[in-house]
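> What follows is the file protein.cif, containing mmCIF, C-alpha atoms and all ligand atoms:
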```cif
data_upload
#
loop_
_atom_site.label_atom_id
_atom_site.label_comp_id
_atom_site.auth_asym_id
_atom_site.auth_seq_id
_atom_site.Cartn_x
_atom_site.Cartn_y
_atom_site.Cartn_z
CA MET K 100 133.78 106.00 116.19
CA ASN K 101 135.77 103.01 115.05
CA ALA K 102 134.65 101.81 111.63
CA THR K 103 134.85 98.12 112.41
CA GLY K 104 132.80 98.65 115.55
CA ALA K 105 130.28 100.79 113.70
CA ILE K 106 129.70 98.19 111.02
CA ARG K 107 129.56 95.39 113.56
CA ARG K 108 126.85 97.27 115.45
CA ILE K 109 124.64 97.28 112.37
CA ASP K 110 125.01 93.56 111.78
CA PRO K 111 121.50 92.35 110.83
CA THR K 112 121.86 89.30 113.01
CA GLU K 113 122.16 91.51 116.06
CA ARG K 114 119.39 93.93 115.13
CA LEU K 115 118.90 97.27 116.76
CA GLY K 116 117.04 97.45 120.00
CA GLY K 117 115.51 93.99 119.83
CA ALA K 118 113.96 91.52 117.43
CA GLY K 119 112.84 93.89 114.71
CA PRO K 120 113.83 96.86 112.62
CA GLY K 121 115.38 100.05 113.92
CA LEU K 122 114.53 103.56 112.73
CA LEU K 123 116.70 105.46 110.26
CA VAL K 124 115.91 109.16 109.87
CA SER K 125 117.37 111.29 107.07
CA VAL K 126 118.52 114.73 108.22
CA ARG K 127 120.00 117.69 106.37
CA ASP K 128 122.14 119.18 109.16
CA ALA K 129 123.33 118.93 112.76
CA GLU K 130 120.27 120.64 114.19
CA GLU K 131 117.97 118.12 112.54
CA ALA K 132 120.26 115.28 113.68
CA GLU K 133 119.78 116.37 117.28
CA ALA K 134 116.00 116.52 116.82
CA ALA K 135 115.99 113.01 115.33
CA LEU K 136 118.18 111.59 118.10
CA THR K 137 116.00 113.15 120.78
CA GLY K 138 113.00 111.52 119.13
CA GLY K 139 114.64 108.09 119.30
CA ALA K 140 116.16 107.48 115.84
CA ASN K 141 118.59 104.54 115.83
CA VAL K 142 120.51 105.64 112.73
CA ILE K 143 121.07 109.16 111.43
CA ASP K 144 121.32 109.45 107.67
CA VAL K 145 122.65 112.68 106.16
CA LYS K 146 120.87 113.78 103.02
CA GLU K 147 119.91 117.08 101.37
CA PRO K 148 116.24 116.56 100.47
CA THR K 149 116.07 119.40 97.97
CA ALA K 150 118.88 117.85 95.90
CA GLY K 151 116.97 114.74 94.82
CA PRO K 152 116.00 111.41 96.35
CA LEU K 153 119.62 110.67 97.29
CA GLY K 154 120.83 114.26 97.33
CA SER K 155 124.13 114.57 99.10
CA ALA K 156 124.68 117.20 101.77
CA SER K 157 127.87 119.26 101.68
CA ILE K 158 131.02 117.76 103.18
CA GLU K 159 130.81 120.46 105.90
CA SER K 160 127.23 119.49 106.81
CA ILE K 161 128.13 115.80 106.90
CA ALA K 162 131.07 116.52 109.19
CA ALA K 163 128.88 118.67 111.45
CA VAL K 164 126.32 115.86 111.76
CA VAL K 165 129.07 113.37 112.65
CA ARG K 166 130.27 115.73 115.40
CA ALA K 167 126.75 116.34 116.70
CA VAL K 168 125.86 112.63 116.82
CA GLY K 169 129.15 111.39 118.30
CA ASP K 170 128.69 107.87 119.63
CA ALA K 171 124.94 108.22 120.09
CA ALA K 172 124.05 106.51 116.80
CA LEU K 173 125.41 105.26 113.52
CA VAL K 174 125.69 107.89 110.81
CA THR K 175 125.13 107.10 107.15
CA ALA K 176 125.30 109.46 104.17
CA ALA K 177 123.57 109.74 100.80
CA MET K 178 126.18 110.16 98.09
CA GLY K 179 123.93 110.86 95.12
CA ASP K 180 123.27 108.69 92.09
CA ILE K 181 125.64 106.90 89.76
CA SER K 182 126.24 109.87 87.44
CA ASP K 183 126.76 112.36 90.28
CA ARG K 184 130.24 113.39 91.25
CA PHE K 185 130.30 113.18 95.02
CA PRO K 186 133.85 113.76 96.33
CA VAL K 187 134.18 110.28 97.84
CA GLU K 188 137.73 110.80 99.11
CA GLN K 189 136.62 113.79 101.19
CA LEU K 190 134.03 111.84 103.17
CA PRO K 191 134.64 112.58 106.85
CA SER K 192 135.50 109.71 109.16
CA GLY K 193 132.54 108.59 111.26
CA ILE K 194 130.32 107.73 108.30
CA ALA K 195 129.60 104.03 108.75
CA ILE K 196 127.74 103.61 105.48
CA GLY K 197 127.75 105.53 102.19
CA LYS K 198 124.72 105.07 99.94
CA LEU K 199 124.71 105.30 96.15
CA GLY K 200 121.63 105.31 93.91
CA MET K 201 121.40 103.91 90.40
CA ALA K 202 119.08 106.48 88.75
CA GLY K 203 119.87 106.72 85.04
CA GLY K 204 121.96 103.53 85.21
CA ALA K 205 119.72 101.62 82.83
CA LYS K 206 120.70 104.05 80.05
CA GLY K 207 124.44 103.79 80.53
CA PRO K 208 127.13 101.84 82.32
CA TRP K 209 126.43 101.38 86.03
CA ARG K 210 128.08 98.12 87.10
CA GLU K 211 131.67 99.19 86.55
CA PRO K 212 131.08 102.75 87.92
CA SER K 213 129.41 101.37 91.05
CA GLU K 214 132.32 98.99 91.58
CA ARG K 215 134.76 101.86 91.17
CA TRP K 216 132.74 103.93 93.64
CA ALA K 217 132.83 101.15 96.24
CA SER K 218 136.58 100.71 95.80
CA ARG K 219 137.16 104.45 96.42
CA LEU K 220 135.27 104.56 99.72
CA PRO K 221 137.45 105.37 102.71
CA LYS K 222 138.30 102.24 104.71
CA PHE K 223 136.12 103.32 107.62
CA THR K 224 132.99 103.49 105.40
CA ALA K 225 131.04 100.54 104.02
CA GLY K 226 129.01 100.81 100.83
CA ALA K 227 125.29 100.37 100.25
CA LEU K 228 123.58 100.38 96.87
CA VAL K 229 120.10 101.84 96.59
CA ALA K 230 117.40 100.18 94.49
CA TYR K 231 114.43 102.29 93.51
CA ALA K 232 110.98 100.78 93.90
CA ASP K 233 109.97 103.00 90.94
CA TRP K 234 113.04 101.90 88.99
CA ARG K 235 111.40 102.36 85.58
CA SER K 236 110.70 106.06 86.21
CA ALA K 237 114.22 106.45 87.62
CA GLY K 238 115.78 104.88 84.52
CA ALA K 239 117.50 102.54 86.97
CA PRO K 240 118.33 98.84 86.84
CA THR K 241 115.81 96.51 88.48
CA PRO K 242 116.02 96.08 92.25
CA GLU K 243 117.18 92.48 91.75
CA GLU K 244 120.05 93.61 89.49
CA VAL K 245 121.08 96.23 92.05
CA LEU K 246 121.06 93.66 94.85
CA THR K 247 123.17 91.23 92.82
CA GLN K 248 125.66 94.00 92.13
CA ALA K 249 125.77 95.05 95.80
CA GLU K 250 126.67 91.48 96.75
CA LYS K 251 129.22 91.20 93.95
CA ILE K 252 131.15 94.36 94.82
CA GLY K 253 131.25 93.66 98.55
CA CYS K 254 128.71 96.17 99.79
CA ARG K 255 127.51 95.76 103.37
CA GLY K 256 124.11 97.31 102.76
CA PHE K 257 121.12 97.34 100.44
CA VAL K 258 118.48 100.04 100.44
CA VAL K 259 115.03 100.16 98.85
CA ASP K 260 113.81 103.73 98.34
CA THR K 261 111.58 105.72 95.98
CA TRP K 262 113.06 107.91 93.27
CA SER K 263 109.95 110.03 92.86
CA LYS K 264 108.96 111.73 96.05
CA GLY K 265 105.50 112.40 94.69
CA GLY K 266 103.83 110.48 97.50
CA VAL K 267 103.54 106.91 96.20
CA CYS K 268 105.06 104.64 98.80
CA ALA K 269 107.61 101.89 98.04
CA LEU K 270 105.19 99.35 99.49
CA ASP K 271 102.70 100.25 96.74
CA LEU K 272 105.27 100.19 93.95
CA LEU K 273 106.70 96.71 94.40
CA GLU K 274 104.52 93.63 94.73
CA SER K 275 104.73 92.33 98.28
CA ASP K 276 106.14 88.93 97.27
CA ARG K 277 108.85 90.59 95.26
CA LEU K 278 109.75 92.98 98.07
CA ARG K 279 109.75 90.13 100.59
CA SER K 280 112.13 88.09 98.42
CA LEU K 281 114.46 91.04 97.94
CA VAL K 282 114.68 91.77 101.65
CA ALA K 283 115.07 88.09 102.57
CA GLU K 284 117.78 87.54 99.95
CA ALA K 285 119.73 90.61 101.10
CA VAL K 286 119.50 89.63 104.77
CA SER K 287 120.51 86.04 103.98
CA GLN K 288 123.63 87.42 102.26
CA GLY K 289 124.57 89.25 105.46
CA LEU K 290 123.65 92.72 104.22
CA PHE K 291 121.88 95.23 106.42
CA VAL K 292 118.71 96.28 104.68
CA VAL K 293 116.96 99.64 104.80
CA LEU K 294 113.36 99.71 103.65
CA ALA K 295 112.37 103.28 102.88
CA GLY K 296 110.52 105.30 100.26
CA SER K 297 107.74 107.78 101.00
CA LEU K 298 106.57 105.78 104.00
CA THR K 299 103.89 107.42 106.11
CA ILE K 300 103.45 106.68 109.79
CA ASP K 301 100.44 104.49 109.02
CA ARG K 302 102.61 102.18 106.90
CA ILE K 303 105.35 101.70 109.51
CA GLU K 304 104.10 98.38 110.88
CA GLU K 305 103.61 97.09 107.34
CA ALA K 306 107.18 98.10 106.43
CA ALA K 307 108.47 96.43 109.60
CA SER K 308 106.66 93.22 108.66
CA TYR K 309 109.13 92.77 105.78
CA ASP K 310 111.77 92.41 108.48
CA PRO K 311 114.44 94.79 107.19
CA THR K 312 117.27 95.88 109.47
CA LEU K 313 115.99 99.44 109.40
CA VAL K 314 112.89 101.29 108.33
CA GLY K 315 113.93 104.64 106.81
CA VAL K 316 112.02 107.91 106.66
CA ARG K 317 112.39 111.56 105.91
CA GLY K 318 109.00 113.00 104.91
CA ALA K 319 107.10 111.23 107.70
CA ALA K 320 109.49 112.72 110.26
CA CYS K 321 109.14 116.31 109.02
CA LEU K 322 106.79 119.16 109.56
CA GLY K 323 105.90 120.58 106.16
CA GLY K 324 106.86 117.56 104.05
CA ARG K 325 110.31 116.18 103.33
CA SER K 326 111.72 119.62 102.44
CA GLY K 327 110.48 120.93 105.79
CA ALA K 328 112.22 120.28 109.10
CA ILE K 329 112.63 117.17 111.24
CA ASP K 330 110.16 117.25 114.11
CA THR K 331 111.11 115.49 117.34
CA GLY K 332 107.47 114.63 118.11
CA ARG K 333 107.02 112.94 114.74
CA VAL K 334 110.23 110.96 115.16
CA ARG K 335 109.11 109.93 118.64
CA ALA K 336 105.79 108.69 117.28
CA LEU K 337 107.55 106.69 114.53
CA ALA K 338 110.02 105.21 117.01
CA LYS K 339 107.17 104.23 119.31
CA ARG K 340 105.34 102.40 116.52
CA LEU K 341 108.51 100.51 115.57
CA SER K 342 109.32 99.72 119.14
CA ALA K 343 105.83 98.21 119.55
CA CYS K 344 106.61 95.97 116.53
CA ARG K 345 109.81 94.81 118.25
CA ARG K 346 107.86 93.90 121.37
CA GLY K 347 105.37 92.10 119.18
CA GLY K 348 102.74 94.67 120.14
O1 LIG K 401 116.47 106.85 103.56
C1 LIG K 401 115.35 107.32 103.82
C2 LIG K 401 114.83 108.37 102.95
O2 LIG K 401 115.38 109.60 103.24
C3 LIG K 401 113.38 108.35 102.78
O3 LIG K 401 112.84 109.60 102.47
P1 LIG K 401 111.27 109.73 102.35
O4 LIG K 401 110.68 109.08 103.59
O5 LIG K 401 111.00 111.20 102.32
O6 LIG K 401 110.89 109.01 101.12
#
```
So, in terms of structure tokens, how does the structure I just supplied come out?
Ligand SMILES: O=C[C@H](O)COP(=O)(O)O

Amino acid sequence: MNATGAIRRIDPTERLGGAGPGLLVSVRDAEEAEAALTGGANVIDVKEPTAGPLGSASIESIAAVVRAVGDAALVTAAMGDISDRFPVEQLPSGIAIGKLGMAGGAKGPWREPSERWASRLPKFTAGALVAYADWRSAGAPTPEEVLTQAEKIGCRGFVVDTWSKGGVCALDLLESDRLRSLVAEAVSQGLFVVLAGSLTIDRIEEAASYDPTLVGVRGAACLGGRSGAIDTGRVRALAKRLSACRRGG
């Protein structure tokens, strides 16, 4: 996959599959990636769910997912939080977007480290900063500060997620006006926007109504919770709900 092409394909002005958000599904390995693709995921995100909200998978697992997905979808990868030591230079080619969280950033330097992280990304990978809807619990900067930093350091993406995976959904953690402004500001700056964070299938239409580029899930796509396994039937049901939003249904 050519990096320029991959990033162009996720341009928010083009959208994925029509006038509305596409579906990003976080997977831990190649087998789960295939299940998510079969279910209709538009973007495959590699993440190890037992290693935290933005837990990175091993380099080997990331490479295996890239091989399994091929040209069927964009592949993104969680690269941990600001104090983690993900081996950025070893990121396999084929990762369109690398995502970095800001947990703990409010207690130490995060602007300069996030800028350094973005500058170390391989040239085929764009950066996305992740703002936590429960930023106080995460000890993270506010979502607005994270968005400003993403714009400043040339990121191509902005993600809203939850730090705690205790079941409270991002849509219940941020006031709707605030979330709407964040998404609109990021889209107006040309960033692709992922709205995620403990979303259940019943909140999919509501998440789509914020008009992000992608709605992101892990737990809702799994059997047995987010540490369980991706289930094709669940992904299919999520994709169907989003596709109905795109048709205005
Ligand atoms: O990027 C999407 C996340 O993996 C969301 O995970 P979650 O739905 O379990 O909160």
> Taking all atoms listed in the file into account, which residues are within 8 Å of ligand LIG 401 (chain K), as a PyMOL selection string?
chain K and resi 123-126+144+146+148+152-153+258+260-261+264+268+293-299+314-320+324-325
> Could those residues be written to a file, using C-alpha atoms, as a PDB file, keeping the file's coordinate frame?

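Generated output (result12.pdb):
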```pdb
ATOM      1  CA  LEU K 123     116.700 105.460 110.260  1.00  0.00           C
ATOM      2  CA  VAL K 124     115.910 109.160 109.870  1.00  0.00           C
ATOM      3  CA  SER K 125     117.370 111.290 107.070  1.00  0.00           C
ATOM      4  CA  VAL K 126     118.520 114.730 108.220  1.00  0.00           C
ATOM      5  CA  ASP K 144     121.320 109.450 107.670  1.00  0.00           C
ATOM      6  CA  LYS K 146     120.870 113.780 103.020  1.00  0.00           C
ATOM      7  CA  PRO K 148     116.240 116.560 100.470  1.00  0.00           C
ATOM      8  CA  PRO K 152     116.000 111.410  96.350  1.00  0.00           C
ATOM      9  CA  LEU K 153     119.620 110.670  97.290  1.00  0.00           C
ATOM     10  CA  VAL K 258     118.480 100.040 100.440  1.00  0.00           C
ATOM     11  CA  ASP K 260     113.810 103.730  98.340  1.00  0.00           C
ATOM     12  CA  THR K 261     111.580 105.720  95.980  1.00  0.00           C
ATOM     13  CA  LYS K 264     108.960 111.730  96.050  1.00  0.00           C
ATOM     14  CA  CYS K 268     105.060 104.640  98.800  1.00  0.00           C
ATOM     15  CA  VAL K 293     116.960  99.640 104.800  1.00  0.00           C
ATOM     16  CA  LEU K 294     113.360  99.710 103.650  1.00  0.00           C
ATOM     17  CA  ALA K 295     112.370 103.280 102.880  1.00  0.00           C
ATOM     18  CA  GLY K 296     110.520 105.300 100.260  1.00  0.00           C
ATOM     19  CA  SER K 297     107.740 107.780 101.000  1.00  0.00           C
ATOM     20  CA  LEU K 298     106.570 105.780 104.000  1.00  0.00           C
ATOM     21  CA  THR K 299     103.890 107.420 106.110  1.00  0.00           C
ATOM     22  CA  VAL K 314     112.890 101.290 108.330  1.00  0.00           C
ATOM     23  CA  GLY K 315     113.930 104.640 106.810  1.00  0.00           C
ATOM     24  CA  VAL K 316     112.020 107.910 106.660  1.00  0.00           C
ATOM     25  CA  ARG K 317     112.390 111.560 105.910  1.00  0.00           C
ATOM     26  CA  GLY K 318     109.000 113.000 104.910  1.00  0.00           C
ATOM     27  CA  ALA K 319     107.100 111.230 107.700  1.00  0.00           C
ATOM     28  CA  ALA K 320     109.490 112.720 110.260  1.00  0.00           C
ATOM     29  CA  GLY K 324     106.860 117.560 104.050  1.00  0.00           C
ATOM     30  CA  ARG K 325     110.310 116.180 103.330  1.00  0.00           C
TER      31      ARG K 325
END
```
> Give me, as a count of residues only, all polymer residues having an atom no more than 6 Å from stretch 128-141 of chain K, counting all atoms listed in the file and skipping those fewer than 5 positions away in the same chain.
13
> Counting all atoms listed in the file, write as a ChimeraX atom specification all protein and nucleic acid residues lying at most 12 Å from (125.8, 91.6, 95.7) in the file's frame.
/K:210,213-214,217,226-229,242-257,281,284-291
> Can you measure atom CA of K:Ile143 to atom CA of K:Leu190 for me? One decimal in Å is fine.
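Spanning atom CA of K:Ile143 to atom CA of K:Leu190 is a straight-line distance of 15.6 Å.
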> Using only C-alpha atoms, which of the listed residues (K:Arg184, K:Thr312, K:Asp301, K:Val282) sits closest to K:Leu337?
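That would be K:Asp301, the residue with the smallest distance to K:Leu337.
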> Looking at only C-alpha atoms, which of K:Gly154, K:Gly323, K:Gly197, K:Gly203 is the one that sits closest to K:Ser218?
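The answer is K:Gly197, which sits nearest to K:Ser218.
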> Tell me which of K:Ala205, K:Leu322, K:Ala336, K:Leu270 sits closest to K:Tyr309, counting all atoms listed in the file.
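Distance minimum relative to K:Tyr309 lands on K:Leu270.
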> Hey, what's within 9 Å of K:Val165 if we count all atoms listed in the file and toss same-chain stuff fewer than 5 positions away? As an NGL selection string, please?
:K and (129 or 160 or 170 or 173-174 or 191-194)
> Would you please work out which residue, of K:Arg127, K:Arg340, K:Lys222, K:Arg277, is nearest to K:Ala307 when using only C-alpha atoms?
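Of K:Arg127, K:Arg340, K:Lys222, K:Arg277, the one nearest K:Ala307 is K:Arg340, counting only C-alpha atoms.
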> Atoms are missing here; could stretch 131-147 of chain K be completed with N, CA, C and O atoms and written as a PDB file, in the coordinates of the input?

```
ATOM      1  N   GLU K 131     118.959 119.175 112.787  1.00  0.00           N
ATOM      2  CA  GLU K 131     117.970 118.120 112.540  1.00  0.00           C
ATOM      3  C   GLU K 131     118.431 116.778 113.128  1.00  0.00           C
ATOM      4  O   GLU K 131     117.618 115.986 113.600  1.00  0.00           O
ATOM      5  N   ALA K 132     119.738 116.537 113.106  1.00  0.00           N
ATOM      6  CA  ALA K 132     120.260 115.280 113.680  1.00  0.00           C
ATOM      7  C   ALA K 132     119.919 115.226 115.165  1.00  0.00           C
ATOM      8  O   ALA K 132     119.505 114.182 115.685  1.00  0.00           O
ATOM      9  N   GLU K 133     120.086 116.349 115.847  1.00  0.00           N
ATOM     10  CA  GLU K 133     119.780 116.370 117.280  1.00  0.00           C
ATOM     11  C   GLU K 133     118.295 116.136 117.522  1.00  0.00           C
ATOM     12  O   GLU K 133     117.895 115.405 118.434  1.00  0.00           O
ATOM     13  N   ALA K 134     117.455 116.725 116.685  1.00  0.00           N
ATOM     14  CA  ALA K 134     116.000 116.520 116.820  1.00  0.00           C
ATOM     15  C   ALA K 134     115.647 115.046 116.611  1.00  0.00           C
ATOM     16  O   ALA K 134     114.821 114.481 117.334  1.00  0.00           O
ATOM     17  N   ALA K 135     116.287 114.417 115.623  1.00  0.00           N
ATOM     18  CA  ALA K 135     115.990 113.010 115.330  1.00  0.00           C
ATOM     19  C   ALA K 135     116.475 112.098 116.457  1.00  0.00           C
ATOM     20  O   ALA K 135     115.782 111.154 116.857  1.00  0.00           O
ATOM     21  N   LEU K 136     117.658 112.398 116.984  1.00  0.00           N
ATOM     22  CA  LEU K 136     118.180 111.590 118.100  1.00  0.00           C
ATOM     23  C   LEU K 136     117.296 111.713 119.323  1.00  0.00           C
ATOM     24  O   LEU K 136     116.985 110.724 119.982  1.00  0.00           O
ATOM     25  N   THR K 137     116.875 112.930 119.622  1.00  0.00           N
ATOM     26  CA  THR K 137     116.000 113.150 120.780  1.00  0.00           C
ATOM     27  C   THR K 137     114.702 112.366 120.622  1.00  0.00           C
ATOM     28  O   THR K 137     114.143 111.853 121.585  1.00  0.00           O
ATOM     29  N   GLY K 138     114.235 112.255 119.384  1.00  0.00           N
ATOM     30  CA  GLY K 138     113.000 111.520 119.130  1.00  0.00           C
ATOM     31  C   GLY K 138     113.169 110.008 119.167  1.00  0.00           C
ATOM     32  O   GLY K 138     112.181 109.277 119.144  1.00  0.00           O
ATOM     33  N   GLY K 139     114.431 109.529 119.168  1.00  0.00           N
ATOM     34  CA  GLY K 139     114.640 108.090 119.300  1.00  0.00           C
ATOM     35  C   GLY K 139     115.095 107.389 118.031  1.00  0.00           C
ATOM     36  O   GLY K 139     114.981 106.155 117.937  1.00  0.00           O
ATOM     37  N   ALA K 140     115.629 108.143 117.056  1.00  0.00           N
ATOM     38  CA  ALA K 140     116.160 107.480 115.840  1.00  0.00           C
ATOM     39  C   ALA K 140     117.349 106.606 116.220  1.00  0.00           C
ATOM     40  O   ALA K 140     118.153 106.970 117.073  1.00  0.00           O
ATOM     41  N   ASN K 141     117.461 105.446 115.587  1.00  0.00           N
ATOM     42  CA  ASN K 141     118.590 104.540 115.830  1.00  0.00           C
ATOM     43  C   ASN K 141     119.764 104.838 114.911  1.00  0.00           C
ATOM     44  O   ASN K 141     120.907 104.570 115.267  1.00  0.00           O
ATOM     45  N   VAL K 142     119.464 105.321 113.710  1.00  0.00           N
ATOM     46  CA  VAL K 142     120.510 105.640 112.730  1.00  0.00           C
ATOM     47  C   VAL K 142     120.187 106.998 112.124  1.00  0.00           C
ATOM     48  O   VAL K 142     119.036 107.288 111.775  1.00  0.00           O
ATOM     49  N   ILE K 143     121.228 107.835 112.033  1.00  0.00           N
ATOM     50  CA  ILE K 143     121.070 109.160 111.430  1.00  0.00           C
ATOM     51  C   ILE K 143     121.695 109.129 110.049  1.00  0.00           C
ATOM     52  O   ILE K 143     122.879 108.800 109.892  1.00  0.00           O
ATOM     53  N   ASP K 144     120.882 109.471 109.065  1.00  0.00           N
ATOM     54  CA  ASP K 144     121.320 109.450 107.670  1.00  0.00           C
ATOM     55  C   ASP K 144     121.397 110.904 107.199  1.00  0.00           C
ATOM     56  O   ASP K 144     120.454 111.665 107.399  1.00  0.00           O
ATOM     57  N   VAL K 145     122.515 111.292 106.599  1.00  0.00           N
ATOM     58  CA  VAL K 145     122.650 112.680 106.160  1.00  0.00           C
ATOM     59  C   VAL K 145     122.293 112.765 104.681  1.00  0.00           C
ATOM     60  O   VAL K 145     122.852 112.041 103.848  1.00  0.00           O
ATOM     61  N   LYS K 146     121.373 113.671 104.385  1.00  0.00           N
ATOM     62  CA  LYS K 146     120.870 113.780 103.020  1.00  0.00           C
ATOM     63  C   LYS K 146     120.311 115.183 102.833  1.00  0.00           C
ATOM     64  O   LYS K 146     119.732 115.742 103.760  1.00  0.00           O
ATOM     65  N   GLU K 147     120.508 115.771 101.650  1.00  0.00           N
ATOM     66  CA  GLU K 147     119.910 117.080 101.370  1.00  0.00           C
ATOM     67  C   GLU K 147     118.640 116.839 100.536  1.00  0.00           C
ATOM     68  O   GLU K 147     118.727 116.517  99.348  1.00  0.00           O
TER      69      GLU K 147
END
```
